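J.: For reference, the structure I am asking about is given below.
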Amino acid sequence: MTAAIDVQQVEKMYRGKIHALRGVDMRVERGEVFGLLGPNGAGKSTLVKILMTVISPTKCQGTMLGKPIGHKATLANVGYLPEHHRFPEYLTGAQIVDYFGALAGTPRAERKRRIGEMLDLVGMGRWADTKIKQYSKGMRQRVGIAQAMINDPDLILMDEPTDGVDPVGRKDIRDVVRTIRDRGKTVLINSHLLSELEMVCDRVAIMVQGEVRQQGSLDDLTEPHRRYEVSFVGDDQSAAALLAGMEGVSVEAGIASIPTEDPNRIQPVIDCLRASQIVVKGVRAYRPSLEQLFLDAVGEDSGPGAGPNKHSRMHMEARP
Amino acid sequence: MILMQTGAIFLDAYRELNAKKLFWITMVLSALVVLVCAMLGINKQGITFLWFELPFPVNSDMISPKLFYLTVFTSFGLGLWLTWIATILALVSTAGMFPDLIASGSIETVLSKPMSRTRLFLTKYLTGLVFMGMQLVVFCSGFFLLLGIRGETWQPGLFLAVPIVLAFFSFLFSVQVLLGLVTKSTIASLLLTLLFWLGLFGLNAADAILVSVRAASEIRLEDAQESLDNQIAIAERTVDRMRGKGEPIPGEADEPLPEGAANTLEAVNERIPRRAESLQEAQDAIPKRRVWSDRIFIAKTLLPKTGETIALLERNLISDEELDALMGDTTDTPEQFLGTMNDPRAQRRAQDIIRKRSITWVLGTSLAFEAIVLGICLMLFARRDF
Ligand SMILES: Nc1ncnc2c1ncn2[C@@H]1O[C@H](COP(=O)(O)OP(=O)(O)O)[C@@H](O)[C@H]1O
Ligand SMILES: [Mg+2]
């Protein structure tokens with residue numbers, strides 16, 4: 001079976017010469033939850049909109065669900081939760097889901113059956129017949145997800161699904177995403193909130209300034225950075241001198257780092273320190289968080305004084 | 001699938017209008033207008049409203065109830081209600097349709113559905129026309145019954161108002177949609193459309209003025225030609241008479257011409273040079289007038305002809321003889337209003353010129369205008385990055 005999404009060399013130049021995407025390669029396998037991460041303005045929404053034919057790419061090769069990007073009929077099998085969506089205020093939750101279901105080509109009988117089911121799934125069953133102008137942001141987001149699911153799509157794209165949602169709501173949305181995945185669907189989540197993605201994503205891509213910097217499973221991405229850290233009491237210089245013979249070991253601020261996941265390999269380090277009467281305070285296996293990886297990726301091209309990425313970092317925090 | 005999507009778009013358009021309270025309000029207003037007209041009546045004493053008598057010097061001996069209600073329909077129902085108030089109401093109701101559709105946050109969901117942008121656009125456009133069409137059907141059915149019951153004449157031809165007024169509305173609606181796509185603003189597109197309409201109205205008035213001015217100057221030319229011919233004929237008869245009497249004829253056989261006369265005829269009738277002069281003047285005036293009325297005509301060919309489109313219907317409902325009988329009553333269209341200031345012959349000629357513009361010209365060029373506007377809309381809509 002083909003990948004859910006497989007695109008190469010996607011480029012987008014907006015009018016006004018904003019180079020939003022500079023040759024993006026991305027592959028999303030079927031049945032996984034894929035996280036597309038990046039600071040605001042990285043081009044995440046642009047990429048998703050290209051996939052959904054909302055905007056046209058300057059250059060694009062690749063497929064979605066086995067069909068070329070831009071193939072309208074394929075969209076019957078895709079669900080989409082846009083960023084900053086504004087559904088018609090005069091409709092109720094159930095009417096929204098019904099309307100977009102009809103546009104997506106879901107037969108009436110099936111819609112009737114699925115509307116309740118989908119609204120229950122996102123916890124909005126009680127509010128089905130309330131006009132959405134009375135909904136909170138979180139409720140709108142949930143109805144948005146129900147709307148994206150009404151046509152029973154194989155692939156669902158969510159652009160900032162937890163945007164403006166309170167912590168309880170976020171957890172609920174994560175649970176919904178897991179439920180969807182467990183039903184065998186593919187989910188692409190687009191977010192600048194890292195901790196959210198870490199909890200649900202099987203694989204991630206990190207996008208910065210219109211390019212995908214890293215892509216892979218969390219395990220794959222963290223592997224090169226995993227290490228053991230041995231903290232000790234004493235000065236760095238003497239410890240460094242003691243450990244100089246050991247491969248890859250570095251010492252900084254009272255911590256000796258050993259780039260390995262094998263606990264056997266740290267024993268000689270401890271022995272060596274202990275032999276010189278150095279007090280070992282602690283030993284821990286270090287596995288970088290997604291955030292750490294992300295900051296590394298963003299910071300890659302920010303040498304001393306490279307301004308623009310400071311800006312990217314500032315947007316890392318969740319918006320209130 | 002196409003049917004289902006179309007149905008959904010229509011249902012949504014209905015809900016949107018309904019949410020703005022505009023759908024039923026316009027329908028009810030249409031029905032009310034018919035009701036009010038039904039309360040008007042005509043009898044031997046004069047015009048009545050319910051049981052009150054209105055002070056109009058018209059009664060059923062002068063015009064039949066049939067003609068009375070037909071006139072109420074064309075001048076009030078059609079001339080005032082459908083072509084002004086109902087059209088403005090419909091433009092107001094539909095002004096938000098496209099700006100709302102393309103608003104960021106709502107367009108994404110719609111565009112991401114398995115439906116081409118062209119089809120989405122055209123379906124949405126159609127919902128606007130259907131809304132107006134429904135109002136028209138309600139109104140015309142009401143008037144059809146009114147004419148049948150109160151005027152005792154069944155006029156299925158009245159339903160021609162549905163396609164014709166719809167065509168009239170669609171010219172303006174297409175412009176409004178284009179402006180809505182460009183400005184993305186409901187208010188701006190509505191106001192600019194009304195401005196455009198005003199422009200058309202002005203153009204129409206200018207056309208009517210220029211056509212009657214032109215007709216008047218043509219008639220002046222013909223008059224001048226005729227009176228010159230008369231004077232020449234008189235002169236020729238004088239010459240004949242003189243010749244019969246054997247009198248000397250100026251300019252012939254060494255007889256000198258009096259001063260100022262260029263030939264024999266001018267010598268015997270000194271009015272000829274003056275008439276020839278005024279003929280020359282009338283001739284000189286024509287090309288200037290023609291240039292302007294031709295320019296206006298070209299402008300009108302390029303733009304939709306709202307006024308003429310409605311006139312098509314009046315032509316169809318009321319015959320020429322009936323129109324003549326009514327002439328005194330309906331003087332508020334600009335052609336007629338301006339015409340009465342001139343020579344009645346000029347008025348008639350101006351009307352002939354305007355009436356001679358064929359249906360194909362009126363509808364064909366107007367629809368071509370609409371098609372071009374829609375083509376531009378489609379290009380904008382299909383290519384834009386939302
Ligand atoms: N319609 C548009 N016209 C011009 N520039 C745009 C448009 N949409 C987005 N951009 C620009 O493209 C870049 C990427 O934006 P976006 O895809 O929204 O990023 P993200 O979703 O990662 O925050 C930004 O610099 C943004 O200003
Ligand atoms: Mg975004």
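Letters for chains follow the order of the structure tokens (A, B, ...), residue numbers begin at 1 for each chain, and ligand numbers begin at 1 in the order shown.
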Residues of chain B near chain A: apply a cut-off of 10 Å, count only C-alpha atoms, and supply the list as an NGL selection string.

T.: :B and (1-9 or 11-12 or 15-20 or 100-101 or 103-117 or 382-386)

J.: Could you list the protein, DNA and RNA residues that have any atom within 7 Å of ligand 2, counting only C-alpha atoms and all ligand atoms, and write them as JSON, numbers by chain?

T.: {"A": [40, 41, 43, 44, 45, 83, 159, 160]}

J.: Among stretch 99-325 of chain B, which ones does DSSP place in alpha helix (DSSP H), written as a ChimeraX atom specification?

T.: /B:99-101,107-111,117-149,161-183,186-245,264-268,271-302,306-317,320-325

J.: Counting only C-alpha atoms, what is within 12 Å of B:Glu277, bar same-chain residues fewer than 3 positions away, as a ChimeraX atom specification?

T.: /B:221,224-225,227-228,271-274,280-284

J.: Within 8 Å of A:Gly62, counting only C-alpha atoms, which residues show up once you throw out same-chain ones fewer than 5 positions away? Write them as a PDB file with N, CA and C atoms, in the first residue's frame, please.

T.:
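Wrote around27.pdb, looks like this:
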```
ATOM      1  N   ILE A   5       0.722  10.091   2.868  1.00  0.00           N
ATOM      2  CA  ILE A   5       1.199  11.310   2.205  1.00  0.00           C
ATOM      3  C   ILE A   5       2.657  11.102   1.854  1.00  0.00           C
ATOM      4  N   ASP A   6       2.991  11.414   0.633  1.00  0.00           N
ATOM      5  CA  ASP A   6       4.388  11.307   0.238  1.00  0.00           C
ATOM      6  C   ASP A   6       4.672  12.443  -0.740  1.00  0.00           C
ATOM      7  N   VAL A   7       5.284  13.488  -0.246  1.00  0.00           N
ATOM      8  CA  VAL A   7       5.545  14.627  -1.133  1.00  0.00           C
ATOM      9  C   VAL A   7       7.032  14.948  -1.166  1.00  0.00           C
ATOM     10  N   GLN A   8       7.457  15.422  -2.319  1.00  0.00           N
ATOM     11  CA  GLN A   8       8.855  15.833  -2.445  1.00  0.00           C
ATOM     12  C   GLN A   8       8.927  17.224  -3.064  1.00  0.00           C
ATOM     13  N   PRO A  68      -2.250  11.923  -7.104  1.00  0.00           N
ATOM     14  CA  PRO A  68      -1.444  13.146  -7.118  1.00  0.00           C
ATOM     15  C   PRO A  68      -2.082  14.259  -6.270  1.00  0.00           C
ATOM     16  N   ILE A  69      -1.244  15.109  -5.748  1.00  0.00           N
ATOM     17  CA  ILE A  69      -1.745  16.237  -4.951  1.00  0.00           C
ATOM     18  C   ILE A  69      -2.587  17.133  -5.854  1.00  0.00           C
TER      19      ILE A  69
END
```

J.: Need to verify the contact set: B:Arg214, 8 Å, only C-alpha atoms, exclusion of same-chain residues closer than 4 positions in sequence. Can you return it as a PDB file with N, CA and C atoms, in the first residue's frame?

T.:
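File written: selection-v4.pdb
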```
ATOM      1  N   LEU B 210     -30.273  62.108 -25.540  1.00  0.00           N
ATOM      2  CA  LEU B 210     -29.570  62.267 -26.807  1.00  0.00           C
ATOM      3  C   LEU B 210     -30.377  61.732 -27.970  1.00  0.00           C
ATOM      4  N   GLU B 218     -33.129  65.725 -36.420  1.00  0.00           N
ATOM      5  CA  GLU B 218     -33.453  65.118 -37.711  1.00  0.00           C
ATOM      6  C   GLU B 218     -34.758  65.691 -38.255  1.00  0.00           C
ATOM      7  N   ILE B 286     -26.291  67.841 -37.278  1.00  0.00           N
ATOM      8  CA  ILE B 286     -26.519  66.406 -37.120  1.00  0.00           C
ATOM      9  C   ILE B 286     -25.274  65.585 -36.777  1.00  0.00           C
ATOM     10  N   ARG B 289     -24.375  65.714 -33.044  1.00  0.00           N
ATOM     11  CA  ARG B 289     -25.329  64.986 -32.209  1.00  0.00           C
ATOM     12  C   ARG B 289     -25.150  63.495 -32.393  1.00  0.00           C
ATOM     13  N   ARG B 290     -24.898  63.102 -33.657  1.00  0.00           N
ATOM     14  CA  ARG B 290     -24.763  61.687 -33.933  1.00  0.00           C
ATOM     15  C   ARG B 290     -23.560  61.101 -33.204  1.00  0.00           C
ATOM     16  N   SER B 293     -24.569  60.519 -29.593  1.00  0.00           N
ATOM     17  CA  SER B 293     -25.545  59.451 -29.358  1.00  0.00           C
ATOM     18  C   SER B 293     -24.949  58.108 -29.768  1.00  0.00           C
TER      19      SER B 293
END
```

J.: Atom CA of A:Val204 and atom CA of A:Leu290 are how many Å apart?

T.: 9.4 Å

J.: Might you pull out every residue within 6 Å of stretch 269-285 of chain A, with only C-alpha atoms counted and same-chain residues fewer than 4 positions away left off, and present them as a list in words?

T.: Tyr228, Glu229, Val230, Ser231, Phe232 and Val233 of chain A

J.: Could the residues in this selection be written to a file with all heavy atoms, as a PDB file, in the first residue's frame?

T.:
```pdb
ATOM      1  N   TYR A 228      24.258   8.689  29.032  1.00  0.00           N
ATOM      2  CA  TYR A 228      24.207   8.605  30.495  1.00  0.00           C
ATOM      3  C   TYR A 228      24.939   9.794  31.046  1.00  0.00           C
ATOM      4  O   TYR A 228      25.939  10.245  30.480  1.00  0.00           O
ATOM      5  CB  TYR A 228      24.853   7.313  30.989  1.00  0.00           C
ATOM      6  CG  TYR A 228      23.852   6.179  31.086  1.00  0.00           C
ATOM      7  CD1 TYR A 228      23.743   5.230  30.087  1.00  0.00           C
ATOM      8  CD2 TYR A 228      23.013   6.091  32.204  1.00  0.00           C
ATOM      9  CE1 TYR A 228      22.824   4.209  30.171  1.00  0.00           C
ATOM     10  CE2 TYR A 228      22.082   5.067  32.291  1.00  0.00           C
ATOM     11  CZ  TYR A 228      21.989   4.134  31.285  1.00  0.00           C
ATOM     12  OH  TYR A 228      21.073   3.130  31.368  1.00  0.00           O
ATOM     13  N   GLU A 229      24.426  10.298  32.167  1.00  0.00           N
ATOM     14  CA  GLU A 229      25.103  11.409  32.808  1.00  0.00           C
ATOM     15  C   GLU A 229      25.460  11.016  34.241  1.00  0.00           C
ATOM     16  O   GLU A 229      24.599  10.546  34.986  1.00  0.00           O
ATOM     17  CB  GLU A 229      24.198  12.643  32.836  1.00  0.00           C
ATOM     18  CG  GLU A 229      23.988  13.228  31.467  1.00  0.00           C
ATOM     19  CD  GLU A 229      23.141  14.490  31.467  1.00  0.00           C
ATOM     20  OE1 GLU A 229      22.508  14.777  32.518  1.00  0.00           O
ATOM     21  OE2 GLU A 229      23.108  15.175  30.439  1.00  0.00           O
ATOM     22  N   VAL A 230      26.723  11.187  34.568  1.00  0.00           N
ATOM     23  CA  VAL A 230      27.197  10.878  35.919  1.00  0.00           C
ATOM     24  C   VAL A 230      27.589  12.196  36.559  1.00  0.00           C
ATOM     25  O   VAL A 230      28.486  12.883  36.061  1.00  0.00           O
ATOM     26  CB  VAL A 230      28.421   9.932  35.862  1.00  0.00           C
ATOM     27  CG1 VAL A 230      28.943   9.673  37.278  1.00  0.00           C
ATOM     28  CG2 VAL A 230      28.050   8.648  35.152  1.00  0.00           C
ATOM     29  N   SER A 231      26.882  12.540  37.630  1.00  0.00           N
ATOM     30  CA  SER A 231      27.237  13.800  38.277  1.00  0.00           C
ATOM     31  C   SER A 231      28.118  13.527  39.495  1.00  0.00           C
ATOM     32  O   SER A 231      27.967  12.500  40.162  1.00  0.00           O
ATOM     33  CB  SER A 231      25.988  14.585  38.669  1.00  0.00           C
ATOM     34  OG  SER A 231      25.124  13.764  39.423  1.00  0.00           O
ATOM     35  N   PHE A 232      29.045  14.428  39.722  1.00  0.00           N
ATOM     36  CA  PHE A 232      30.027  14.186  40.798  1.00  0.00           C
ATOM     37  C   PHE A 232      30.349  15.485  41.507  1.00  0.00           C
ATOM     38  O   PHE A 232      30.005  16.571  41.030  1.00  0.00           O
ATOM     39  CB  PHE A 232      31.311  13.581  40.202  1.00  0.00           C
ATOM     40  CG  PHE A 232      31.889  14.429  39.111  1.00  0.00           C
ATOM     41  CD1 PHE A 232      32.790  15.462  39.408  1.00  0.00           C
ATOM     42  CD2 PHE A 232      31.537  14.207  37.770  1.00  0.00           C
ATOM     43  CE1 PHE A 232      33.308  16.237  38.389  1.00  0.00           C
ATOM     44  CE2 PHE A 232      32.065  14.991  36.769  1.00  0.00           C
ATOM     45  CZ  PHE A 232      32.952  16.011  37.067  1.00  0.00           C
ATOM     46  N   VAL A 233      31.008  15.352  42.665  1.00  0.00           N
ATOM     47  CA  VAL A 233      31.453  16.529  43.397  1.00  0.00           C
ATOM     48  C   VAL A 233      32.945  16.698  43.126  1.00  0.00           C
ATOM     49  O   VAL A 233      33.708  15.754  43.309  1.00  0.00           O
ATOM     50  CB  VAL A 233      31.216  16.370  44.914  1.00  0.00           C
ATOM     51  CG1 VAL A 233      31.629  17.627  45.655  1.00  0.00           C
ATOM     52  CG2 VAL A 233      29.772  16.019  45.186  1.00  0.00           C
TER      53      VAL A 233
END
```

J.: Write out as a list in words the residues lying within 10 Å of A:Met118, counting only C-alpha atoms and excluding same-chain residues fewer than 4 positions away.

T.: Ala94, Val97, Arg111, Arg113, Arg114, Val122, Gly123, Met124, Gly125, Arg142, Val143, Ile145, Ala146, Gln147, Ala148, Met149, Ile150 and Asp152 of chain A

J.: So that I have them on file, write out the residues from the current selection with C-alpha atoms, as an mmCIF file, in the first residue's frame.

T.:
```
data_model
loop_
_atom_site.group_PDB
_atom_site.id
_atom_site.type_symbol
_atom_site.label_atom_id
_atom_site.label_comp_id
_atom_site.auth_asym_id
_atom_site.auth_seq_id
_atom_site.Cartn_x
_atom_site.Cartn_y
_atom_site.Cartn_z
ATOM 1 C CA ALA A 94 -25.177 18.802 14.208
ATOM 2 C CA VAL A 97 -21.348 18.217 10.693
ATOM 3 C CA ARG A 111 -24.660 11.039 7.726
ATOM 4 C CA ARG A 113 -26.146 7.668 11.599
ATOM 5 C CA ARG A 114 -22.684 9.129 11.965
ATOM 6 C CA VAL A 122 -15.646 14.361 20.623
ATOM 7 C CA GLY A 123 -17.876 14.769 23.662
ATOM 8 C CA MET A 124 -20.295 17.196 22.051
ATOM 9 C CA GLY A 125 -23.382 14.966 21.967
ATOM 10 C CA ARG A 142 -14.309 19.562 18.907
ATOM 11 C CA VAL A 143 -17.116 20.107 16.441
ATOM 12 C CA ILE A 145 -12.912 17.440 14.533
ATOM 13 C CA ALA A 146 -16.316 15.762 14.314
ATOM 14 C CA GLN A 147 -16.836 17.580 11.006
ATOM 15 C CA ALA A 148 -13.505 16.310 9.714
ATOM 16 C CA MET A 149 -14.501 12.740 10.590
ATOM 17 C CA ILE A 150 -18.037 12.641 9.216
ATOM 18 C CA ASP A 152 -15.143 8.353 7.600
#
```
